Amino acid sequence: MYELQYSKPSSVNDAVAEIKKSSDSKFLAGGMTLIPTLKARLSSADTLVDLKGANLSKISVSSSEITIGSMTRHCDVASSNDVKGSLPALAKLAGGIGDHMVRSCGTIGGSLANNDPAACYPSAALALDTTIVTNERSISAEDFFVGMFETALNENEIITEVKFQIPEKASYIKFPNPASRYAMVGVFVAKKASGVTVAVTGAGENGVFRCSEIEIALNSNFSTESLENIDISPDSLNSDIHASAAYRANLIKEMAKRALQEMI
Amino acid sequence: MPDGGSTGIGVSVKRKEDYRFLVGEGNYTDDINRPNQTHTYMLRSSSAHAKFSIDTSKASKAKGVVKIFVGTDMEVGSIPCGWQVDSKDGTPMREPAHPPIAKDKVRYVGEIIAVIIAESLEDAKNAAELIDVNYNDIPVIIDMQDALDNSKGLVHDEIESNVCYDWELGDSEAVDKAISEAAHITSLDIRNNRLIPNAMETRSAIGDYEHATGQYTLYTTSQNPHVIRLLMGAFVLGLPEHKLRVIAPDVGGGFGSKIFHYAEEAIVTWASNKIRRPVKWTSDRSEAFISDAHGRDHVTSVKLALDKDGKFLALKVDTLANMGAYLSTFASSVPTYLYATLLAGTYTTPAIHCNVKSIFTNTVPVDAYRGAGRPEATYLIERIVDKAAREMGISQVEIRRKNFIPVDAFPYQTPVALQYDSGNYNATLDAALKKADYEGFAARKADSVKRGMLRGIGFSTYLEACGIAPSAVVGSLGARAGLFECAEVRVHPTGSVTVFTGSHSHGQGHETTFAQLVSEKLGISTDMVEISHGDTNNIPFGMGTYGSRSLAVGGEAIVKAMDKVIAKAKKIAAHVMEASADDIELNNGNFEIAGTDKSMSLADISLAAYVPHNYPHEELEPGLDEKAFYDPLNFTYPGGCHICEVEINPNTGEVKVEGMTAVDDVGKVINPMIVEGQIHGGLAQGIGQALLENAAYDSNGQLLSGSYMDYAMPRADNFVDFKVGNEVTLCTHNSLGVKGCGEVGAIGSPPAVINAVVDALSELGVEDISMPATSEKVWNAINQAKNKN
Ligand SMILES: Cc1cc2nc3c(=O)[nH]c(=O)nc-3n(C[C@H](O)[C@H](O)[C@H](O)COP(=O)(O)OP(=O)(O)OC[C@H]3O[C@@H](n4cnc5c(N)ncnc54)[C@H](O)[C@@H]3O)c2cc1C
């Protein structure tokens, strides 16, 4: 790690003021991604502006929406009775991220801001008509995820909260990478009054994406059988030492089937 | 023998060493800091094969930098290989120079090109970024087949070939004849995947030179400090033993990777003299992936000839073994004497021939890793036997029983040099079948099928040779050192005991097991016994811990030293109690005059020995402190049966281990809990190799699996509850009857796992699947089989 300064402001406004002091400062949330990259000298910062004091950890639920503060940790989402009651798939998703330490430190804001192509939360965000609220504006999930590790966030923009629309039913199934246990393929299926949305993480060359083949099939017939005969194209899917694009295509279908089995 | 209360042989005494480890008070090399110490960062090559030039002028002036060394600054000996193997034409193996710091050419990603010594590690790392390295890339040799073609390039120009040696063992004529006449021949091409050891503690070394005395001390993460003293002192730095002290304190796992003498050890020791300050280096995890010796990496084609009834007639094996870019300490012995000699396995195969070409490539050096050669041998034997049984329609159990070496055939001379002393392979098989509930397999399979799943069961009835070993034998096979062990047993004046052993403990629990030997023999509790190891200034001598040799060789040396203690103690007791030494008997820790109620405890005797007022001075020296060297007569031969059961999801290829049973014969068991722990660890590594772990290089020589994001270490949820058992036959040539348990889990289990996977897929027509059997590989195999049908 290169030498750096650390500050822990006590509000969002102070955090923004703090980060503007230098062009090379970074927000620190759970540190689960940022700290290892700093340690490996893959990244550097003048100052780490820690958001832990900025009062951004909270969960609230209305009849149509769950609002989660950006600094809410994965373990808090996983164990929240509110989340388990109204959107159990999200609690399960959070409970399946990393290990105890990662869940006890990592945050939803950090995960979305990072937009790792193998991360879990982006699939939920994209499938649930989610709004990502920042200190500057509200961004729809569709506009938020731009590409691998890329989001619509401006420099110095802080995610403050995330608003998920509660669906009728939802399910998230992850096929973990055998080494990292991130998603080699993760499929989030949401059934809403407006129709079915299916978001896929871990597989796409450009990060999370909606899978129209499956959405079309499920909108016409919400059953596992309707998935039997669809073909997911491996084009624009990732190939690496763990899985070829063709295998990932197969996993998308198989994980979608498992999600459906959970929902029906 | 006295029973030593509740802490003697056969008792699951809780591990004495665990308290300090569990409360975080172990003393590992990185915990040690010397006054005025400097910190080192090793700049490593990012190119797999290149001529390079290096400019350190800017970096030398950076903040905190004490000194930067490059290859041409360090004119010392070559890092040596400890085992000479001759090719079959009689020429010695090709042994390219291995400088600690690369001079003008790099041969793998990770090779050291500059040593930056600074006041802090951060300073050293900052300075390293100011070093200019100019790489002129040369074609990279990664694949062993490519390496055989000289026109594709040479890893070492000066040796004119990428083949280190072309070696053989066995009678090729007899094998060829048997193959040409056999009723059935089974063939298989096998890759034994490259693994990265991943000990929990990364390597670390501190060199500390004392100018006033000319004394060097090296603190290092080693399984064998005396061997490091020998290799580094004699071959690399030219330091005599009396001026070089090597200390390996607590060591957090090694699996073989900490046997070898590494460049970093020589560098910090040498540099501490140059700069007259202690020099510390600790590897980080990313560095470990590209600088610890890797394991396995064989490509083999094998043929088994059988008669019409399934009796094995001959085995023919052709292997390419990857050495990486340089010869590591034991590298040359692993695919030869620790491999080809094992090819009889548990079977009576009368004719065996094995040819091995070991190959240089632009990859990290490859050396011994838990099992070292024996897992590779076992894998191919148990896979080819499995395949032969399928082809001939014989059951997996029957084909093995038909070919087992029978109990009454011991000592059994194999056609590949070894003579097994004892074993009972039907006994371990029977016990394993029962433990694994083989009878119930059909029902479990039917249940899987009902759920749309595939299920398979796989066997491995393996054998291994460990407790290495007789110096005369290994010497005749090319070892450049002896493989005995040394122990000193010091009875203190008030009767407690310290044992100094050359067997280093890096997780095996020696402090407990060895104390139990003392407890058993001398009749005192293990609380009264301390085991000291790991410091060449304390320990008379030692060859270290590897090849499951600690108990069979090191433990036996302790017994020999105790025999001397007892003999002397009897004489002292006889003098004090005015009896004849022949009449003194040792019972439950008491030295008694036979047939009387007169006796002395060990403490009484040791006090008499150290306060020798009433003492047979004409006949005996004072004190009670004895040393023994022990050089065994033979290897030891643990064996057993591992049975694995898997369930496979045909839609995704996911393999789930549903059952793992291991019934082993490790000889006499001293501490059942520790043995079970060793078996569990070995099984975890074996299953890891079979299903998960793989060191993958791209064609440019970059390690693709260079972190835990991509190198799949097994975790607890990859396993099931292991069912472990023992069926003991005693080793016939050591007094304890012990064989060794450190490696059997990793040796026996991989083929059991793969045989189970193949069994599950066999009804689809799948005949083989390579390690690691990832879900994608299995899914592909299923699809290919479906497309064929
Ligand atoms: C071993 C391991 C396993 C993991 N497994 C999984 C997994 O299975 N699935 C999964 O989804 N993830 C996984 N993760 C990642 C984990 O979910 C982290 O929580 C996530 O990567 C980053 O969250 P964080 O709070 O730690 O953010 P940090 O690491 O602190 O920050 C990450 C980035 O986001 C920026 N940032 C953070 N918060 C904000 C904010 N509020 N506004 C704007 N920018 C912000 C930071 O500046 C930084 O650039 C794993 C991580 C580890 C270490």
# chains A, B, ... in the order shown; residues from 1 in each chain; ligands from 1

$ select_by_dssp --residues "range 100-138 of chain A" --states "helix (DSSP H, G or I)" --output "VMD selection string"
chain A and resid 100 to 105 108 to 114 121 to 127

$ write_last_selection --atoms "N, CA, C and O atoms" --output "PDB file, in the first residue's frame"
ATOM      1  N   HIS A 100     -17.973 -14.806   6.148  1.00  0.00           N
ATOM      2  CA  HIS A 100     -18.417 -14.005   7.292  1.00  0.00           C
ATOM      3  C   HIS A 100     -17.765 -12.630   7.317  1.00  0.00           C
ATOM      4  O   HIS A 100     -18.428 -11.628   7.539  1.00  0.00           O
ATOM      5  N   MET A 101     -16.467 -12.616   7.087  1.00  0.00           N
ATOM      6  CA  MET A 101     -15.771 -11.336   7.184  1.00  0.00           C
ATOM      7  C   MET A 101     -16.253 -10.383   6.093  1.00  0.00           C
ATOM      8  O   MET A 101     -16.493  -9.200   6.351  1.00  0.00           O
ATOM      9  N   VAL A 102     -16.385 -10.918   4.888  1.00  0.00           N
ATOM     10  CA  VAL A 102     -16.826 -10.069   3.773  1.00  0.00           C
ATOM     11  C   VAL A 102     -18.225  -9.529   4.052  1.00  0.00           C
ATOM     12  O   VAL A 102     -18.510  -8.350   3.837  1.00  0.00           O
ATOM     13  N   ARG A 103     -19.091 -10.381   4.587  1.00  0.00           N
ATOM     14  CA  ARG A 103     -20.466  -9.931   4.849  1.00  0.00           C
ATOM     15  C   ARG A 103     -20.532  -8.970   6.036  1.00  0.00           C
ATOM     16  O   ARG A 103     -21.431  -8.143   6.112  1.00  0.00           O
ATOM     17  N   SER A 104     -19.575  -9.083   6.945  1.00  0.00           N
ATOM     18  CA  SER A 104     -19.577  -8.201   8.112  1.00  0.00           C
ATOM     19  C   SER A 104     -18.938  -6.856   7.811  1.00  0.00           C
ATOM     20  O   SER A 104     -18.969  -5.958   8.643  1.00  0.00           O
ATOM     21  N   CYS A 105     -18.301  -6.723   6.670  1.00  0.00           N
ATOM     22  CA  CYS A 105     -17.676  -5.438   6.307  1.00  0.00           C
ATOM     23  C   CYS A 105     -18.280  -4.864   5.026  1.00  0.00           C
ATOM     24  O   CYS A 105     -18.568  -3.674   4.951  1.00  0.00           O
ATOM     25  N   ILE A 108     -23.684  -2.631   0.516  1.00  0.00           N
ATOM     26  CA  ILE A 108     -24.448  -2.642  -0.736  1.00  0.00           C
ATOM     27  C   ILE A 108     -23.982  -1.493  -1.640  1.00  0.00           C
ATOM     28  O   ILE A 108     -23.844  -1.658  -2.854  1.00  0.00           O
ATOM     29  N   GLY A 109     -23.689  -0.337  -1.028  1.00  0.00           N
ATOM     30  CA  GLY A 109     -23.226   0.803  -1.835  1.00  0.00           C
ATOM     31  C   GLY A 109     -21.889   0.505  -2.481  1.00  0.00           C
ATOM     32  O   GLY A 109     -21.667   0.800  -3.661  1.00  0.00           O
ATOM     33  N   GLY A 110     -20.993  -0.083  -1.710  1.00  0.00           N
ATOM     34  CA  GLY A 110     -19.682  -0.421  -2.243  1.00  0.00           C
ATOM     35  C   GLY A 110     -19.782  -1.431  -3.367  1.00  0.00           C
ATOM     36  O   GLY A 110     -19.100  -1.342  -4.398  1.00  0.00           O
ATOM     37  N   SER A 111     -20.669  -2.382  -3.193  1.00  0.00           N
ATOM     38  CA  SER A 111     -20.830  -3.416  -4.209  1.00  0.00           C
ATOM     39  C   SER A 111     -21.365  -2.822  -5.504  1.00  0.00           C
ATOM     40  O   SER A 111     -20.862  -3.110  -6.591  1.00  0.00           O
ATOM     41  N   LEU A 112     -22.393  -1.953  -5.391  1.00  0.00           N
ATOM     42  CA  LEU A 112     -22.967  -1.367  -6.607  1.00  0.00           C
ATOM     43  C   LEU A 112     -21.992  -0.391  -7.263  1.00  0.00           C
ATOM     44  O   LEU A 112     -21.834  -0.378  -8.492  1.00  0.00           O
ATOM     45  N   ALA A 113     -21.294   0.408  -6.451  1.00  0.00           N
ATOM     46  CA  ALA A 113     -20.353   1.389  -7.000  1.00  0.00           C
ATOM     47  C   ALA A 113     -19.215   0.678  -7.727  1.00  0.00           C
ATOM     48  O   ALA A 113     -18.681   1.164  -8.716  1.00  0.00           O
ATOM     49  N   ASN A 114     -18.868  -0.475  -7.214  1.00  0.00           N
ATOM     50  CA  ASN A 114     -17.747  -1.208  -7.795  1.00  0.00           C
ATOM     51  C   ASN A 114     -18.155  -1.907  -9.100  1.00  0.00           C
ATOM     52  O   ASN A 114     -17.372  -2.060 -10.019  1.00  0.00           O
ATOM     53  N   TYR A 121     -25.231  -8.267  -6.131  1.00  0.00           N
ATOM     54  CA  TYR A 121     -26.242  -7.207  -6.031  1.00  0.00           C
ATOM     55  C   TYR A 121     -26.677  -6.602  -7.369  1.00  0.00           C
ATOM     56  O   TYR A 121     -27.853  -6.291  -7.561  1.00  0.00           O
ATOM     57  N   PRO A 122     -25.753  -6.385  -8.312  1.00  0.00           N
ATOM     58  CA  PRO A 122     -26.197  -5.749  -9.557  1.00  0.00           C
ATOM     59  C   PRO A 122     -27.360  -6.493 -10.230  1.00  0.00           C
ATOM     60  O   PRO A 122     -28.235  -5.863 -10.827  1.00  0.00           O
ATOM     61  N   SER A 123     -27.404  -7.807 -10.076  1.00  0.00           N
ATOM     62  CA  SER A 123     -28.501  -8.543 -10.725  1.00  0.00           C
ATOM     63  C   SER A 123     -29.841  -8.204 -10.074  1.00  0.00           C
ATOM     64  O   SER A 123     -30.851  -8.041 -10.753  1.00  0.00           O
ATOM     65  N   ALA A 124     -29.825  -8.084  -8.750  1.00  0.00           N
ATOM     66  CA  ALA A 124     -31.073  -7.716  -8.068  1.00  0.00           C
ATOM     67  C   ALA A 124     -31.487  -6.304  -8.459  1.00  0.00           C
ATOM     68  O   ALA A 124     -32.666  -6.027  -8.729  1.00  0.00           O
ATOM     69  N   ALA A 125     -30.510  -5.422  -8.505  1.00  0.00           N
ATOM     70  CA  ALA A 125     -30.817  -4.028  -8.827  1.00  0.00           C
ATOM     71  C   ALA A 125     -31.450  -3.930 -10.214  1.00  0.00           C
ATOM     72  O   ALA A 125     -32.438  -3.223 -10.415  1.00  0.00           O
ATOM     73  N   LEU A 126     -30.888  -4.672 -11.142  1.00  0.00           N
ATOM     74  CA  LEU A 126     -31.385  -4.559 -12.514  1.00  0.00           C
ATOM     75  C   LEU A 126     -32.746  -5.237 -12.690  1.00  0.00           C
ATOM     76  O   LEU A 126     -33.578  -4.793 -13.476  1.00  0.00           O
ATOM     77  N   ALA A 127     -32.973  -6.282 -11.928  1.00  0.00           N
ATOM     78  CA  ALA A 127     -34.228  -7.027 -12.089  1.00  0.00           C
ATOM     79  C   ALA A 127     -35.392  -6.358 -11.364  1.00  0.00           C
ATOM     80  O   ALA A 127     -36.545  -6.626 -11.677  1.00  0.00           O
TER      81      ALA A 127
END

$ select_by_dssp --residues "range 1-172 of chain A" --states "strand (DSSP E)" --output "count of residues only"
41

$ residues_near_ligand --ligand "ligand 1" --cutoff "8 Å" --atoms "only C-alpha atoms and all ligand atoms" --output "number ranges by chain"
A: 26-36, 51, 70-71, 73-74, 94, 96-99, 102-103, 105-116, 118-122, 134, 153, 156-161, 176, 180-183

$ closest_residue --among "A:Ser25, A:Asn177, A:Asn238, A:Thr67" --to "chain B" --atoms "only C-alpha atoms"
A:Asn177

$ closest_atom_pairs --of "chain A" --to "chain B" --cutoff "10 Å" --atoms "only C-alpha atoms" --output "JSON lines"
{"residue": "A:Met1", "atom": "CA", "partner": "B:Glu122", "partner_atom": "CA", "distance": 7.4}
{"residue": "A:Tyr2", "atom": "CA", "partner": "B:Glu122", "partner_atom": "CA", "distance": 7.3}
{"residue": "A:Glu3", "atom": "CA", "partner": "B:Glu122", "partner_atom": "CA", "distance": 8.3}
{"residue": "A:Ala40", "atom": "CA", "partner": "B:Ser286", "partner_atom": "CA", "distance": 8.7}
{"residue": "A:Arg41", "atom": "CA", "partner": "B:Lys125", "partner_atom": "CA", "distance": 9.5}
{"residue": "A:Phe175", "atom": "CA", "partner": "B:Thr652", "partner_atom": "CA", "distance": 9.7}
{"residue": "A:Asn177", "atom": "CA", "partner": "B:Asp710", "partner_atom": "CA", "distance": 8.5}
{"residue": "A:Pro178", "atom": "CA", "partner": "B:Ala712", "partner_atom": "CA", "distance": 5.7}
{"residue": "A:Ala179", "atom": "CA", "partner": "B:Ala712", "partner_atom": "CA", "distance": 3.7}
{"residue": "A:Ser180", "atom": "CA", "partner": "B:Met709", "partner_atom": "CA", "distance": 4.3}
{"residue": "A:Arg181", "atom": "CA", "partner": "B:Met709", "partner_atom": "CA", "distance": 8.1}
{"residue": "A:Tyr182", "atom": "CA", "partner": "B:Met709", "partner_atom": "CA", "distance": 8.6}
{"residue": "A:Asp240", "atom": "CA", "partner": "B:Leu704", "partner_atom": "CA", "distance": 9.4}
{"residue": "A:Ile241", "atom": "CA", "partner": "B:Leu704", "partner_atom": "CA", "distance": 7.7}
{"residue": "A:His242", "atom": "CA", "partner": "B:Asp710", "partner_atom": "CA", "distance": 7.9}
{"residue": "A:Ala243", "atom": "CA", "partner": "B:Glu776", "partner_atom": "CA", "distance": 6.4}
{"residue": "A:Ser244", "atom": "CA", "partner": "B:Glu776", "partner_atom": "CA", "distance": 8.0}
{"residue": "A:Ala246", "atom": "CA", "partner": "B:Glu776", "partner_atom": "CA", "distance": 9.6}
{"residue": "A:Tyr247", "atom": "CA", "partner": "B:Glu776", "partner_atom": "CA", "distance": 6.4}
{"residue": "A:Arg248", "atom": "CA", "partner": "B:Glu776", "partner_atom": "CA", "distance": 9.0}
{"residue": "A:Asn250", "atom": "CA", "partner": "B:Thr652", "partner_atom": "CA", "distance": 7.5}
{"residue": "A:Leu251", "atom": "CA", "partner": "B:Thr652", "partner_atom": "CA", "distance": 6.7}
{"residue": "A:Lys253", "atom": "CA", "partner": "B:Asn651", "partner_atom": "CA", "distance": 9.8}
{"residue": "A:Glu254", "atom": "CA", "partner": "B:Asn651", "partner_atom": "CA", "distance": 7.1}
{"residue": "A:Met255", "atom": "CA", "partner": "B:Thr652", "partner_atom": "CA", "distance": 9.3}

$ write_last_selection --atoms "C-alpha atoms" --output "PDB file, in the first residue's frame"
ATOM      1  CA  MET A   1       0.000   0.000   0.000  1.00  0.00           C
ATOM      2  CA  TYR A   2       1.207   3.494  -0.756  1.00  0.00           C
ATOM      3  CA  GLU A   3       1.132   5.918   2.110  1.00  0.00           C
ATOM      4  CA  ALA A  40      -1.453  -4.916  -3.982  1.00  0.00           C
ATOM      5  CA  ARG A  41      -0.591  -1.429  -5.273  1.00  0.00           C
ATOM      6  CA  PHE A 175     -23.446 -20.798  -9.411  1.00  0.00           C
ATOM      7  CA  ASN A 177     -16.891 -19.721  -9.132  1.00  0.00           C
ATOM      8  CA  PRO A 178     -15.065 -22.648  -7.470  1.00  0.00           C
ATOM      9  CA  ALA A 179     -12.120 -20.429  -6.528  1.00  0.00           C
ATOM     10  CA  SER A 180     -13.485 -16.991  -5.649  1.00  0.00           C
ATOM     11  CA  ARG A 181     -17.073 -18.008  -4.884  1.00  0.00           C
ATOM     12  CA  TYR A 182     -18.252 -14.882  -6.689  1.00  0.00           C
ATOM     13  CA  ASP A 240     -11.998 -17.799 -18.775  1.00  0.00           C
ATOM     14  CA  ILE A 241     -10.088 -20.653 -17.140  1.00  0.00           C
ATOM     15  CA  HIS A 242     -13.143 -21.534 -15.097  1.00  0.00           C
ATOM     16  CA  ALA A 243     -15.855 -21.614 -17.716  1.00  0.00           C
ATOM     17  CA  SER A 244     -16.310 -21.157 -21.428  1.00  0.00           C
ATOM     18  CA  ALA A 246     -20.942 -22.034 -23.937  1.00  0.00           C
ATOM     19  CA  TYR A 247     -20.895 -23.436 -20.435  1.00  0.00           C
ATOM     20  CA  ARG A 248     -21.960 -20.113 -18.972  1.00  0.00           C
ATOM     21  CA  ASN A 250     -25.933 -23.415 -20.179  1.00  0.00           C
ATOM     22  CA  LEU A 251     -25.610 -22.281 -16.566  1.00  0.00           C
ATOM     23  CA  LYS A 253     -30.590 -21.549 -18.308  1.00  0.00           C
ATOM     24  CA  GLU A 254     -30.012 -24.040 -15.503  1.00  0.00           C
ATOM     25  CA  MET A 255     -29.850 -21.374 -12.788  1.00  0.00           C
TER      26      MET A 255
END

$ residues_around --residues "Ala389 in chain B" --least-positions-apart "6" --cutoff "12 Å" --atoms "only C-alpha atoms" --output "CSV table (one decimal) with N, CA and C atoms, in the first residue's frame"
chain,number,residue,atom,x,y,z
B,184,HIS,N,-5.5,-59.1,-23.2
B,184,HIS,CA,-6.2,-57.8,-23.2
B,184,HIS,C,-5.2,-56.7,-22.8
B,185,ILE,N,-5.3,-55.6,-23.5
B,185,ILE,CA,-4.5,-54.4,-23.2
B,185,ILE,C,-5.4,-53.2,-23.0
B,186,THR,N,-5.1,-52.5,-21.9
B,186,THR,CA,-5.8,-51.3,-21.6
B,186,THR,C,-4.8,-50.1,-21.6
B,304,LEU,N,-1.6,-51.4,-19.6
B,304,LEU,CA,-1.7,-52.5,-18.7
B,304,LEU,C,-2.0,-53.7,-19.6
B,305,ALA,N,-1.2,-54.8,-19.5
B,305,ALA,CA,-1.5,-56.1,-20.1
B,305,ALA,C,-2.1,-57.0,-19.1
B,306,LEU,N,-3.2,-57.7,-19.6
B,306,LEU,CA,-3.9,-58.6,-18.6
B,306,LEU,C,-4.1,-60.0,-19.4
B,308,LYS,N,-6.6,-63.4,-19.8
B,308,LYS,CA,-8.1,-63.4,-20.1
B,308,LYS,C,-8.9,-63.4,-18.8
B,309,ASP,N,-8.3,-63.7,-17.7
B,309,ASP,CA,-9.0,-63.7,-16.4
B,309,ASP,C,-8.8,-62.4,-15.6
B,310,GLY,N,-8.1,-61.5,-16.2
B,310,GLY,CA,-7.9,-60.2,-15.5
B,310,GLY,C,-6.7,-60.2,-14.6
B,311,LYS,N,-5.8,-61.1,-14.8
B,311,LYS,CA,-4.6,-61.1,-14.0
B,311,LYS,C,-3.6,-60.1,-14.7
B,312,PHE,N,-3.0,-59.2,-14.0
B,312,PHE,CA,-2.0,-58.3,-14.6
B,312,PHE,C,-0.8,-59.0,-15.0
B,382,GLU,N,-4.2,-46.8,-10.3
B,382,GLU,CA,-5.6,-47.1,-9.9
B,382,GLU,C,-6.5,-46.6,-11.0
B,383,ARG,N,-6.1,-45.7,-11.9
B,383,ARG,CA,-7.0,-45.4,-13.0
B,383,ARG,C,-6.9,-46.5,-14.1
B,395,SER,N,-15.6,-56.8,-11.8
B,395,SER,CA,-16.0,-55.8,-10.8
B,395,SER,C,-14.7,-55.1,-10.3
B,396,GLN,N,-14.9,-53.9,-9.9
B,396,GLN,CA,-13.7,-53.2,-9.3
B,396,GLN,C,-13.1,-53.9,-8.1
B,397,VAL,N,-13.9,-54.5,-7.3
B,397,VAL,CA,-13.4,-55.2,-6.2
B,397,VAL,C,-12.7,-56.4,-6.6
B,398,GLU,N,-13.3,-57.2,-7.5
B,398,GLU,CA,-12.7,-58.5,-7.9
B,398,GLU,C,-11.4,-58.3,-8.6
B,399,ILE,N,-11.3,-57.4,-9.5
B,399,ILE,CA,-10.0,-57.3,-10.2
B,399,ILE,C,-8.9,-56.9,-9.2
B,400,ARG,N,-9.2,-56.2,-8.2
B,400,ARG,CA,-8.1,-55.9,-7.2
B,400,ARG,C,-7.8,-57.1,-6.4
B,401,ARG,N,-8.8,-57.8,-5.9
B,401,ARG,CA,-8.5,-59.0,-5.1
B,401,ARG,C,-7.7,-60.0,-5.9
B,402,LYS,N,-8.0,-60.1,-7.1
B,402,LYS,CA,-7.3,-61.1,-8.0
B,402,LYS,C,-5.8,-60.8,-8.1
B,403,ASN,N,-5.5,-59.6,-8.0
B,403,ASN,CA,-4.1,-59.2,-8.2
B,403,ASN,C,-3.3,-58.7,-7.0
B,458,GLY,N,-16.0,-45.1,-6.5
B,458,GLY,CA,-14.7,-45.3,-7.0
B,458,GLY,C,-13.7,-45.8,-6.0
B,459,PHE,N,-12.8,-46.6,-6.4
B,459,PHE,CA,-11.9,-47.3,-5.5
B,459,PHE,C,-10.4,-46.9,-5.7
B,755,ASN,N,-12.2,-42.1,-10.2
B,755,ASN,CA,-12.9,-43.4,-10.5
B,755,ASN,C,-14.4,-43.3,-10.2
B,759,ASP,N,-17.2,-43.6,-12.9
B,759,ASP,CA,-18.2,-44.7,-12.7
B,759,ASP,C,-19.6,-44.1,-12.9
B,767,GLU,N,-15.1,-42.7,-20.6
B,767,GLU,CA,-14.0,-43.6,-20.1
B,767,GLU,C,-13.0,-42.9,-19.3

$ residues_around --residues "Arg258 in chain A" --least-positions-apart "2" --cutoff "10 Å" --atoms "only C-alpha atoms" --output "count of residues only"
15

$ atom_distance --atom1 "CA of His733 in chain B" --atom2 "CA of Phe514 in chain B"
19.0 Å

$ residues_around --residues "Glu578 in chain B" --least-positions-apart "2" --cutoff "12 Å" --atoms "only C-alpha atoms" --output "PyMOL selection string"
chain B and resi 570-576+580-584+592-593+598-600+614-616

$ atom_distance --atom1 "CA of Pro375 in chain B" --atom2 "CA of Val109 in chain B"
26.9 Å

$ residues_around --residues "Lys20 in chain A" --least-positions-apart "2" --cutoff "12 Å" --atoms "only C-alpha atoms" --output "list in words"
Asn13, Asp14, Ala15, Val16, Ala17, Glu18, Ser22, Ser23, Asp24, Ser25, Lys26, Phe27, Asp46, Thr47, Leu48, Val49, Glu155, Asn156 and Glu157 of chain A

$ atom_distance --atom1 "CA of Ile101 in chain B" --atom2 "CA of Asp292 in chain B"
15.4 Å

$ residues_around --residues "range 168-170 of chain B" --least-positions-apart "6" --cutoff "6 Å" --atoms "only C-alpha atoms" --output "PyMOL selection string"
chain B and resi 88+352-355+416

$ write_last_selection --atoms "C-alpha atoms" --output "short mmCIF file (atom, residue, chain, number, x, y, z; two decimals), in the first residue's frame"
data_model
loop_
_atom_site.label_atom_id
_atom_site.label_comp_id
_atom_site.auth_asym_id
_atom_site.auth_seq_id
_atom_site.Cartn_x
_atom_site.Cartn_y
_atom_site.Cartn_z
CA LYS B 88 19.62 -44.48 -19.30
CA ILE B 352 6.97 -53.27 -15.18
CA HIS B 353 8.83 -50.72 -17.21
CA CYS B 354 8.83 -46.99 -16.79
CA ASN B 355 10.51 -44.34 -18.89
CA VAL B 416 10.76 -52.13 -9.59
#

$ closest_residue --among "B:Leu327, B:Cys741, B:Leu586, B:Ile190" --to "His98 in chain B" --atoms "only C-alpha atoms"
B:Leu327
